[in-house]
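Dumped run-v3.txt below, it's compact mmCIF, C-alpha atoms and all ligand atoms:
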```txt
# COMPACT_ATOMS: atom_id res chain seq x y z
CA MET A 24 -56.87 11.63 0.93
CA SER A 25 -54.52 10.55 3.72
CA LEU A 26 -53.78 12.89 6.61
CA TYR A 27 -50.21 13.29 5.32
CA GLU A 28 -51.49 14.26 1.86
CA HIS A 29 -53.96 16.72 3.42
CA PHE A 30 -51.15 18.50 5.27
CA THR A 31 -48.72 18.55 2.33
CA SER A 32 -50.83 18.75 -0.85
CA LYS A 33 -51.19 21.92 -2.87
CA GLY A 34 -54.36 23.10 -4.61
CA PRO A 35 -54.76 24.79 -8.01
CA SER A 36 -53.24 28.00 -6.59
CA GLY A 37 -49.95 26.17 -6.04
CA PHE A 38 -50.37 26.58 -2.28
CA GLY A 39 -52.10 24.50 0.35
CA TYR A 40 -52.65 23.68 4.01
CA GLY A 41 -48.96 23.91 4.94
CA SER A 42 -48.14 27.13 3.05
CA THR A 43 -47.05 30.11 5.14
CA ALA A 44 -47.74 33.81 4.61
CA GLU A 45 -44.07 34.29 3.67
CA GLN A 46 -44.26 31.48 1.11
CA VAL A 47 -47.42 32.78 -0.59
CA THR A 48 -45.75 36.19 -1.04
CA ALA A 49 -42.27 34.94 -1.98
CA GLY A 50 -40.88 37.07 -4.80
CA LEU A 51 -43.74 39.56 -4.53
CA SER A 52 -43.02 43.26 -4.02
CA LEU A 53 -45.80 45.15 -2.27
CA ALA A 54 -43.88 48.43 -2.43
CA GLY A 55 -46.27 51.32 -3.01
CA LYS A 56 -49.26 49.37 -1.66
CA THR A 57 -51.18 50.30 1.47
CA ILE A 58 -53.12 47.58 3.27
CA LEU A 59 -55.30 48.00 6.35
CA VAL A 60 -55.34 45.11 8.84
CA THR A 61 -57.68 45.05 11.84
CA GLY A 62 -56.57 43.32 15.04
CA CYS A 63 -52.85 43.74 14.32
CA ASN A 64 -51.64 43.13 17.89
CA SER A 65 -52.21 39.39 18.14
CA GLY A 66 -52.26 36.04 16.37
CA LEU A 67 -53.04 36.07 12.65
CA GLY A 68 -53.35 39.86 12.41
CA LEU A 69 -49.84 40.39 13.79
CA GLU A 70 -48.33 37.83 11.39
CA THR A 71 -50.33 39.29 8.49
CA MET A 72 -48.97 42.76 9.26
CA ARG A 73 -45.42 41.44 9.68
CA VAL A 74 -45.34 39.69 6.32
CA LEU A 75 -47.13 42.47 4.38
CA ALA A 76 -44.69 45.04 5.79
CA MET A 77 -41.74 42.73 5.10
CA ARG A 78 -42.81 42.62 1.42
CA GLY A 79 -42.81 46.42 1.28
CA ALA A 80 -46.45 47.34 1.93
CA ARG A 81 -47.34 50.22 4.19
CA VAL A 82 -49.67 48.63 6.76
CA ALA A 83 -52.43 50.69 8.34
CA CYS A 84 -52.83 48.64 11.49
CA THR A 85 -55.67 48.82 13.99
CA ALA A 86 -56.03 47.68 17.59
CA ARG A 87 -58.41 48.61 20.40
CA THR A 88 -56.18 51.57 21.28
CA VAL A 89 -53.65 53.51 19.25
CA ASP A 90 -50.93 52.64 21.80
CA LYS A 91 -51.58 48.93 21.27
CA ALA A 92 -51.54 49.37 17.49
CA LYS A 93 -48.33 51.42 17.66
CA ALA A 94 -46.57 48.88 19.90
CA ALA A 95 -47.55 46.08 17.50
CA GLY A 96 -46.49 48.10 14.46
CA ASP A 97 -43.16 48.98 16.08
CA SER A 98 -42.51 45.27 16.73
CA VAL A 99 -42.22 44.49 13.00
CA ALA A 100 -39.84 45.72 10.31
CA GLY A 101 -41.26 48.04 7.66
CA GLU A 102 -43.75 50.88 7.52
CA THR A 103 -46.84 50.77 9.72
CA VAL A 104 -49.42 53.44 10.53
CA PRO A 105 -51.30 52.81 13.79
CA PHE A 106 -55.00 53.52 14.36
CA ALA A 107 -57.38 52.89 17.25
CA CYS A 108 -60.44 50.87 16.33
CA GLU A 109 -62.55 49.24 19.04
CA LEU A 110 -64.96 47.26 16.86
CA SER A 111 -67.67 47.04 19.54
CA ASP A 112 -67.76 50.83 19.92
CA PRO A 113 -69.40 52.63 16.96
CA ALA A 114 -67.79 55.96 17.94
CA SER A 115 -64.34 54.36 17.81
CA VAL A 116 -65.05 52.76 14.42
CA ARG A 117 -66.28 56.08 13.00
CA ALA A 118 -63.22 57.85 14.41
CA CYS A 119 -60.98 55.25 12.74
CA VAL A 120 -62.71 55.79 9.38
CA ALA A 121 -62.26 59.55 9.79
CA ALA A 122 -58.59 59.19 10.78
CA VAL A 123 -57.76 56.97 7.78
CA ARG A 124 -59.50 59.49 5.50
CA GLU A 125 -57.70 62.43 7.11
CA ARG A 126 -54.36 60.72 6.52
CA GLY A 127 -55.43 60.44 2.87
CA LEU A 128 -54.57 56.75 2.74
CA ARG A 129 -55.65 54.98 -0.44
CA LEU A 130 -56.16 51.34 0.48
CA ASP A 131 -55.15 48.52 -1.86
CA ALA A 132 -56.71 46.00 0.52
CA ILE A 133 -58.60 45.78 3.78
CA VAL A 134 -58.11 42.64 5.86
CA ALA A 135 -61.01 42.52 8.34
CA ASN A 136 -59.29 40.21 10.79
CA VAL A 137 -60.64 41.09 14.26
CA GLY A 138 -62.66 38.34 15.88
CA ILE A 139 -63.92 37.07 19.21
CA MET A 140 -65.00 33.46 19.61
CA ALA A 141 -67.32 31.31 21.67
CA LEU A 142 -68.16 33.62 24.55
CA PRO A 143 -69.38 31.21 27.25
CA ALA A 144 -72.43 33.29 28.23
CA LEU A 145 -74.54 35.81 26.36
CA GLN A 146 -73.02 39.29 26.27
CA THR A 147 -74.63 42.17 24.44
CA THR A 148 -73.70 45.66 23.39
CA HIS A 149 -75.98 48.33 21.95
CA GLY A 150 -78.75 45.71 22.12
CA TYR A 151 -76.96 43.08 19.98
CA GLU A 152 -75.14 39.86 20.78
CA LEU A 153 -71.47 40.75 21.18
CA GLN A 154 -69.92 38.36 18.61
CA PHE A 155 -72.41 39.46 15.94
CA PHE A 156 -71.77 43.09 16.80
CA THR A 157 -67.97 42.94 17.00
CA ASN A 158 -67.22 40.50 14.20
CA HIS A 159 -69.92 41.64 11.76
CA ILE A 160 -71.47 45.04 12.57
CA GLY A 161 -68.14 46.64 13.56
CA HIS A 162 -66.51 45.50 10.32
CA PHE A 163 -69.62 46.41 8.32
CA MET A 164 -69.26 49.98 9.60
CA LEU A 165 -65.52 50.09 9.04
CA VAL A 166 -65.42 48.59 5.54
CA THR A 167 -68.44 50.47 4.16
CA GLY A 168 -67.04 53.64 5.74
CA LEU A 169 -63.72 53.14 3.95
CA LEU A 170 -65.01 52.25 0.47
CA ASP A 171 -64.16 55.75 -0.80
CA GLN A 172 -60.55 55.07 0.21
CA LEU A 173 -60.35 51.73 -1.61
CA THR A 174 -58.35 51.80 -4.85
CA ASP A 175 -59.91 50.79 -8.17
CA ALA A 176 -58.54 47.25 -7.84
CA GLY A 177 -58.87 47.24 -4.05
CA ARG A 178 -59.52 43.95 -2.28
CA VAL A 179 -61.67 43.36 0.80
CA VAL A 180 -60.84 40.21 2.76
CA MET A 181 -63.24 39.12 5.49
CA LEU A 182 -62.03 36.66 8.13
CA SER A 183 -64.66 33.97 8.44
CA SER A 184 -64.20 30.44 9.77
CA ALA A 185 -65.19 26.87 8.99
CA ALA A 186 -67.17 27.32 12.22
CA HIS A 187 -69.72 29.29 10.15
CA ARG A 188 -71.21 25.82 9.64
CA ASN A 189 -72.39 25.95 13.29
CA ALA A 190 -74.68 28.90 12.54
CA PRO A 191 -78.34 28.20 13.32
CA LYS A 192 -80.59 26.57 10.74
CA GLY A 193 -81.84 29.33 8.48
CA GLY A 194 -78.55 31.20 8.75
CA ILE A 195 -79.07 34.50 10.51
CA GLN A 196 -81.64 34.72 13.32
CA PHE A 197 -82.99 38.15 12.41
CA ASP A 198 -85.58 37.89 15.20
CA ASN A 199 -82.92 37.07 17.81
CA LEU A 200 -79.96 39.34 17.11
CA ASP A 201 -79.79 40.20 20.82
CA GLY A 202 -79.54 36.49 21.70
CA ARG A 203 -82.27 36.70 24.31
CA LYS A 204 -84.49 34.08 22.65
CA GLY A 205 -81.62 31.61 22.80
CA TYR A 206 -77.84 31.71 22.85
CA GLY A 207 -75.13 29.15 22.13
CA SER A 208 -71.47 30.08 22.24
CA TRP A 209 -70.64 28.14 19.03
CA ALA A 210 -73.96 28.75 17.30
CA ASN A 211 -73.60 32.50 17.80
CA TYR A 212 -69.93 32.50 16.79
CA GLY A 213 -71.04 30.53 13.71
CA GLN A 214 -73.75 33.08 12.96
CA ALA A 215 -71.22 35.93 13.14
CA LYS A 216 -68.79 34.09 10.87
CA LEU A 217 -71.59 33.26 8.41
CA ALA A 218 -72.40 36.99 8.46
CA ASN A 219 -68.77 37.70 7.46
CA ILE A 220 -69.18 35.49 4.36
CA LEU A 221 -72.58 36.95 3.46
CA PHE A 222 -71.14 40.45 3.77
CA ALA A 223 -68.28 39.57 1.37
CA LYS A 224 -70.79 38.05 -1.07
CA GLU A 225 -73.09 41.08 -1.09
CA LEU A 226 -70.15 43.50 -1.28
CA SER A 227 -68.82 41.53 -4.23
CA ARG A 228 -72.23 41.79 -5.91
CA ARG A 229 -72.14 45.57 -5.34
CA PHE A 230 -68.60 45.67 -6.84
CA ALA A 231 -69.87 44.04 -10.08
CA GLY A 232 -68.61 45.93 -13.13
CA THR A 233 -65.56 47.21 -11.24
CA THR A 234 -62.15 45.65 -10.62
CA ARG A 235 -62.60 45.69 -6.86
CA THR A 236 -63.04 42.34 -5.13
CA ALA A 237 -64.47 41.02 -1.86
CA ASN A 238 -63.84 37.52 -0.53
CA ALA A 239 -64.05 35.60 2.74
CA VAL A 240 -61.49 33.20 4.17
CA HIS A 241 -61.19 30.36 6.65
CA PRO A 242 -57.60 30.56 7.97
CA GLY A 243 -57.45 27.03 9.40
CA VAL A 244 -57.36 26.07 13.07
CA ILE A 245 -54.52 27.76 14.92
CA HIS A 246 -53.65 28.09 18.59
CA THR A 247 -53.90 31.86 19.24
CA ASN A 248 -55.47 34.13 21.86
CA LEU A 249 -58.81 33.48 20.13
CA GLY A 250 -59.38 30.55 22.49
CA ARG A 251 -59.26 32.80 25.55
CA HIS A 252 -62.98 32.31 26.23
CA MET A 253 -62.93 28.51 25.93
CA ASN A 254 -62.88 26.53 29.14
CA PRO A 255 -59.37 26.15 30.64
CA VAL A 256 -59.19 22.39 29.95
CA ALA A 257 -59.98 22.86 26.26
CA THR A 258 -57.44 25.70 26.10
CA ALA A 259 -54.76 23.53 27.73
CA VAL A 260 -55.47 20.62 25.33
CA PHE A 261 -55.39 23.06 22.40
CA GLY A 262 -52.02 24.35 23.61
CA LEU A 263 -50.59 20.84 23.92
CA VAL A 264 -51.79 19.40 20.60
CA GLY A 265 -51.45 22.69 18.74
CA PRO A 266 -47.84 22.36 17.61
CA LEU A 267 -48.50 18.81 16.38
CA ALA A 268 -52.02 18.89 14.98
CA LEU A 269 -52.92 22.48 14.18
CA LYS A 270 -51.66 25.06 11.73
CA SER A 271 -48.88 27.33 12.95
CA VAL A 272 -49.55 31.09 13.04
CA PRO A 273 -47.45 31.65 9.85
CA GLN A 274 -49.56 28.98 8.10
CA GLY A 275 -52.76 30.45 9.56
CA ALA A 276 -52.02 33.91 8.16
CA ALA A 277 -51.30 32.55 4.66
CA THR A 278 -54.83 32.48 3.23
CA GLN A 279 -55.71 36.07 4.13
CA VAL A 280 -52.33 37.34 2.89
CA PHE A 281 -52.74 35.34 -0.33
CA VAL A 282 -56.25 36.66 -0.98
CA ALA A 283 -55.23 40.25 -0.15
CA THR A 284 -52.18 40.32 -2.42
CA HIS A 285 -51.60 37.51 -4.87
CA PRO A 286 -51.63 38.59 -8.53
CA SER A 287 -52.99 35.19 -9.64
CA ILE A 288 -56.41 35.95 -8.14
CA ALA A 289 -56.85 39.53 -9.36
CA GLY A 290 -60.54 39.83 -10.25
CA VAL A 291 -61.60 36.73 -8.28
CA SER A 292 -64.49 37.89 -6.11
CA GLY A 293 -67.38 36.60 -4.03
CA GLU A 294 -65.51 33.45 -3.08
CA TYR A 295 -64.74 31.63 0.16
CA PHE A 296 -61.12 30.52 0.48
CA ALA A 297 -59.48 27.92 2.71
CA ASP A 298 -55.86 26.74 2.56
CA CYS A 299 -55.17 29.42 -0.09
CA ASN A 300 -57.68 27.95 -2.54
CA VAL A 301 -61.33 28.49 -3.40
CA ALA A 302 -63.47 26.29 -1.15
CA LYS A 303 -67.15 25.59 -0.58
CA PRO A 304 -68.96 27.24 2.31
CA ARG A 305 -72.27 26.07 3.79
CA ALA A 306 -75.06 26.21 1.18
CA ASP A 307 -76.89 29.22 2.64
CA ALA A 308 -73.67 31.27 2.58
CA ASN A 309 -74.31 31.39 -1.19
CA ASP A 310 -77.89 32.64 -0.81
CA PRO A 311 -78.03 36.11 -2.42
CA GLU A 312 -81.37 36.95 -0.77
CA LEU A 313 -79.98 36.17 2.68
CA ALA A 314 -76.89 38.28 1.94
CA ALA A 315 -79.01 41.21 0.69
CA ARG A 316 -81.28 40.99 3.73
CA LEU A 317 -78.34 40.97 6.13
CA TRP A 318 -76.91 44.05 4.40
CA LYS A 319 -80.21 45.91 4.68
CA VAL A 320 -80.69 44.94 8.35
CA SER A 321 -77.06 45.91 9.10
CA GLU A 322 -77.61 49.34 7.52
CA GLU A 323 -80.72 49.79 9.67
CA ILE A 324 -78.81 48.76 12.80
CA VAL A 325 -75.96 51.15 12.03
CA ALA A 326 -78.38 53.99 11.34
CA ARG A 327 -79.81 53.59 14.87
CA LEU A 328 -76.45 53.48 16.66
CA PRO A 329 -75.28 56.47 18.72
N1 LIG B 401 -57.30 30.91 15.35
C1 LIG B 401 -58.14 30.14 14.69
O1 LIG B 401 -58.10 28.89 14.80
C2 LIG B 401 -59.17 30.72 13.78
C3 LIG B 401 -60.00 29.85 13.05
C4 LIG B 401 -60.97 30.39 12.22
C5 LIG B 401 -61.11 31.76 12.12
N2 LIG B 401 -60.30 32.59 12.83
C6 LIG B 401 -60.51 34.03 12.71
O2 LIG B 401 -59.26 34.66 12.52
C7 LIG B 401 -59.31 36.01 13.04
C8 LIG B 401 -58.07 36.30 13.86
O3 LIG B 401 -58.10 35.45 14.98
P1 LIG B 401 -56.80 35.05 15.82
O4 LIG B 401 -56.80 33.58 15.87
O5 LIG B 401 -55.61 35.76 15.34
O6 LIG B 401 -57.26 35.56 17.26
P2 LIG B 401 -56.55 36.53 18.34
O7 LIG B 401 -55.12 36.18 18.49
O8 LIG B 401 -57.44 36.47 19.53
O9 LIG B 401 -56.66 37.96 17.65
C9 LIG B 401 -57.90 38.61 17.56
C10 LIG B 401 -57.67 40.09 17.39
O10 LIG B 401 -58.95 40.74 17.43
C11 LIG B 401 -58.86 41.83 18.37
N3 LIG B 401 -60.16 42.17 18.93
C12 LIG B 401 -61.04 41.36 19.56
N4 LIG B 401 -62.13 42.07 19.92
C13 LIG B 401 -61.93 43.34 19.49
C14 LIG B 401 -62.69 44.53 19.55
N5 LIG B 401 -63.88 44.58 20.15
N6 LIG B 401 -62.19 45.66 18.99
C15 LIG B 401 -60.97 45.64 18.40
N7 LIG B 401 -60.20 44.54 18.33
C16 LIG B 401 -60.67 43.41 18.87
C17 LIG B 401 -57.89 41.34 19.42
O11 LIG B 401 -57.45 42.43 20.20
P3 LIG B 401 -57.11 42.22 21.78
O12 LIG B 401 -55.85 41.43 21.81
O13 LIG B 401 -56.97 43.62 22.28
O14 LIG B 401 -58.28 41.50 22.37
C18 LIG B 401 -56.83 40.72 18.53
O15 LIG B 401 -56.01 41.71 17.98
C19 LIG B 401 -60.64 36.11 13.80
O16 LIG B 401 -61.58 36.80 13.01
C20 LIG B 401 -61.06 34.67 13.98
O17 LIG B 401 -62.47 34.52 14.07
C21 LIG B 401 -59.33 32.11 13.65
```

Spit out the file's structure as structure tokens when you get a sec.
Ligand SMILES: NC(=O)c1ccc[n+]([C@@H]2O[C@H](COP(=O)([O-])OP(=O)(O)OC[C@H]3O[C@@H](n4cnc5c(N)ncnc54)[C@H](OP(=O)(O)O)[C@@H]3O)[C@@H](O)[C@H]2O)c1
Amino acid sequence: MSLYEHFTSKGPSGFGYGSTAEQVTAGLSLAGKTILVTGCNSGLGLETMRVLAMRGARVACTARTVDKAKAAGDSVAGETVPFACELSDPASVRACVAAVRERGLRLDAIVANVGIMALPALQTTHGYELQFFTNHIGHFMLVTGLLDQLTDAGRVVMLSSAAHRNAPKGGIQFDNLDGRKGYGSWANYGQAKLANILFAKELSRRFAGTTRTANAVHPGVIHTNLGRHMNPVATAVFGLVGPLALKSVPQGAATQVFVATHPSIAGVSGEYFADCNVAKPRADANDPELAARLWKVSEEIVARLP
């Protein structure tokens, strides 16, 4: 396939690399739906919230603080409900779960969008490597805590990345979750993003026999604040080539918005999507034993947290 075809072709869904979040929801009314989006103040989360609200959904939007979430929500047209959720702080995640419950929100979808990428040096919190903790454990706590709020046909959408392919051989380093036996900025980001897929797979298995779904997505490569930890030269190059060679933010938000809302994929679960179509992740992302083990270990980690 030529580069031009790659950028312009559409897959079986009717959408492709160049589709935007507005295009994948064209003609769709989300009135009466409530969708929770984490990380609503920046990049793909902000665009996801904007388009969902524009189509009539009420968006429960989270950011590190309620002020940040409120400012982001107020910047878009439509109904938004702000919540604080600092994913690296278990008390904040639990408080968010409690606040959503107290508001009595029934969630038609959860878009687990928060992510940090490629921290140059090892950082830990609560004894775990920070990307694993923020991207995976924080969302594990939030999503499992909110399952009672999910509607019968509720959809869980986990933001992964093609960078899950950089995860260490063997997938998840269960004997090195604090990173002290070895750390690589991309390997550990990859491990966290592989964990996001494995979580969606195991959740989907647990949803079997219901009409709820859980999927993971790769949004594409988009110049956002996600690159803040990359070295300044790489960030500058990214900024320069971005408009020419990378997806735009509206294109980057399309896959998660599509998977969270599109009627054509009702009932599709346990998949990995890229460019608004089902795609193939790394082989061990499909390993049910690895997914089940990660779930069990995550439960044990959460049980020990303050
Ligand atoms: N951009 C890409 O090329 C790309 C490619 C593949 C996958 N992804 C995935 O797409 C998702 C969205 O990324 P993006 O590109 O939109 O990045 P972004 O602009 O940096 O947005 C990330 C969001 O996560 C929030 N966040 C980070 N750490 C947090 C924490 N501990 N607690 C609460 N919120 C936290 C950020 O809040 P603050 O602003 O307060 O830090 C921000 O709202 C991520 O999961 C990322 O891994 C992106």

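Near Lys91 in chain A, within a cut-off of 10 Å and counting all atoms listed in the file, sit the residues Gly62, Cys63, Asn64, Cys84, Thr85, Ala86, Arg87, Thr88, Val89, Lys93, Ala94, Ala95, Gly96, Asp97, Pro105, Phe106 and Ala107 of chain A, with same-chain residues fewer than 2 positions away left out.
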
Can I get the selected residues back with C-alpha atoms, as an mmCIF file, keeping the file's coordinate frame?
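Just written: result_22.cif:
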```cif
data_model
loop_
_atom_site.group_PDB
_atom_site.id
_atom_site.type_symbol
_atom_site.label_atom_id
_atom_site.label_comp_id
_atom_site.auth_asym_id
_atom_site.auth_seq_id
_atom_site.Cartn_x
_atom_site.Cartn_y
_atom_site.Cartn_z
ATOM 1 C CA GLY A 62 -56.570 43.320 15.040
ATOM 2 C CA CYS A 63 -52.850 43.740 14.320
ATOM 3 C CA ASN A 64 -51.640 43.130 17.890
ATOM 4 C CA CYS A 84 -52.830 48.640 11.490
ATOM 5 C CA THR A 85 -55.670 48.820 13.990
ATOM 6 C CA ALA A 86 -56.030 47.680 17.590
ATOM 7 C CA ARG A 87 -58.410 48.610 20.400
ATOM 8 C CA THR A 88 -56.180 51.570 21.280
ATOM 9 C CA VAL A 89 -53.650 53.510 19.250
ATOM 10 C CA LYS A 93 -48.330 51.420 17.660
ATOM 11 C CA ALA A 94 -46.570 48.880 19.900
ATOM 12 C CA ALA A 95 -47.550 46.080 17.500
ATOM 13 C CA GLY A 96 -46.490 48.100 14.460
ATOM 14 C CA ASP A 97 -43.160 48.980 16.080
ATOM 15 C CA PRO A 105 -51.300 52.810 13.790
ATOM 16 C CA PHE A 106 -55.000 53.520 14.360
ATOM 17 C CA ALA A 107 -57.380 52.890 17.250
#
```

**OP:** For ligand LIG 401 (chain B), list the contacting residues at 6 Å or closer, counting all atoms listed in the file, as a ChimeraX atom specification.
**Re:** /A:62-68,86-87,108-111,136-139,157,182-184,241-249

Subject >> Closest of A:Ala44, A:Ala121, A:Ala215, A:Ala277 to Asp171 in chain A - atom-to-atom distances counting all atoms listed in the file >> reply: A:Ala121

Original post:
At what distance in Å, to one decimal, does CA of Arg73 in chain A lie from CA of Phe281 in chain A?
Top reply: 13.8 Å

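Taking all atoms listed in the file into account, Phe156 in chain A lies nearest to A:Lys216 out of the set A:Arg203, A:Lys192, A:Arg178, A:Lys216.
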
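If you look at CA of Arg81 in chain A and CA of Ser271 in chain A, they are 24.6 Å away from each other.
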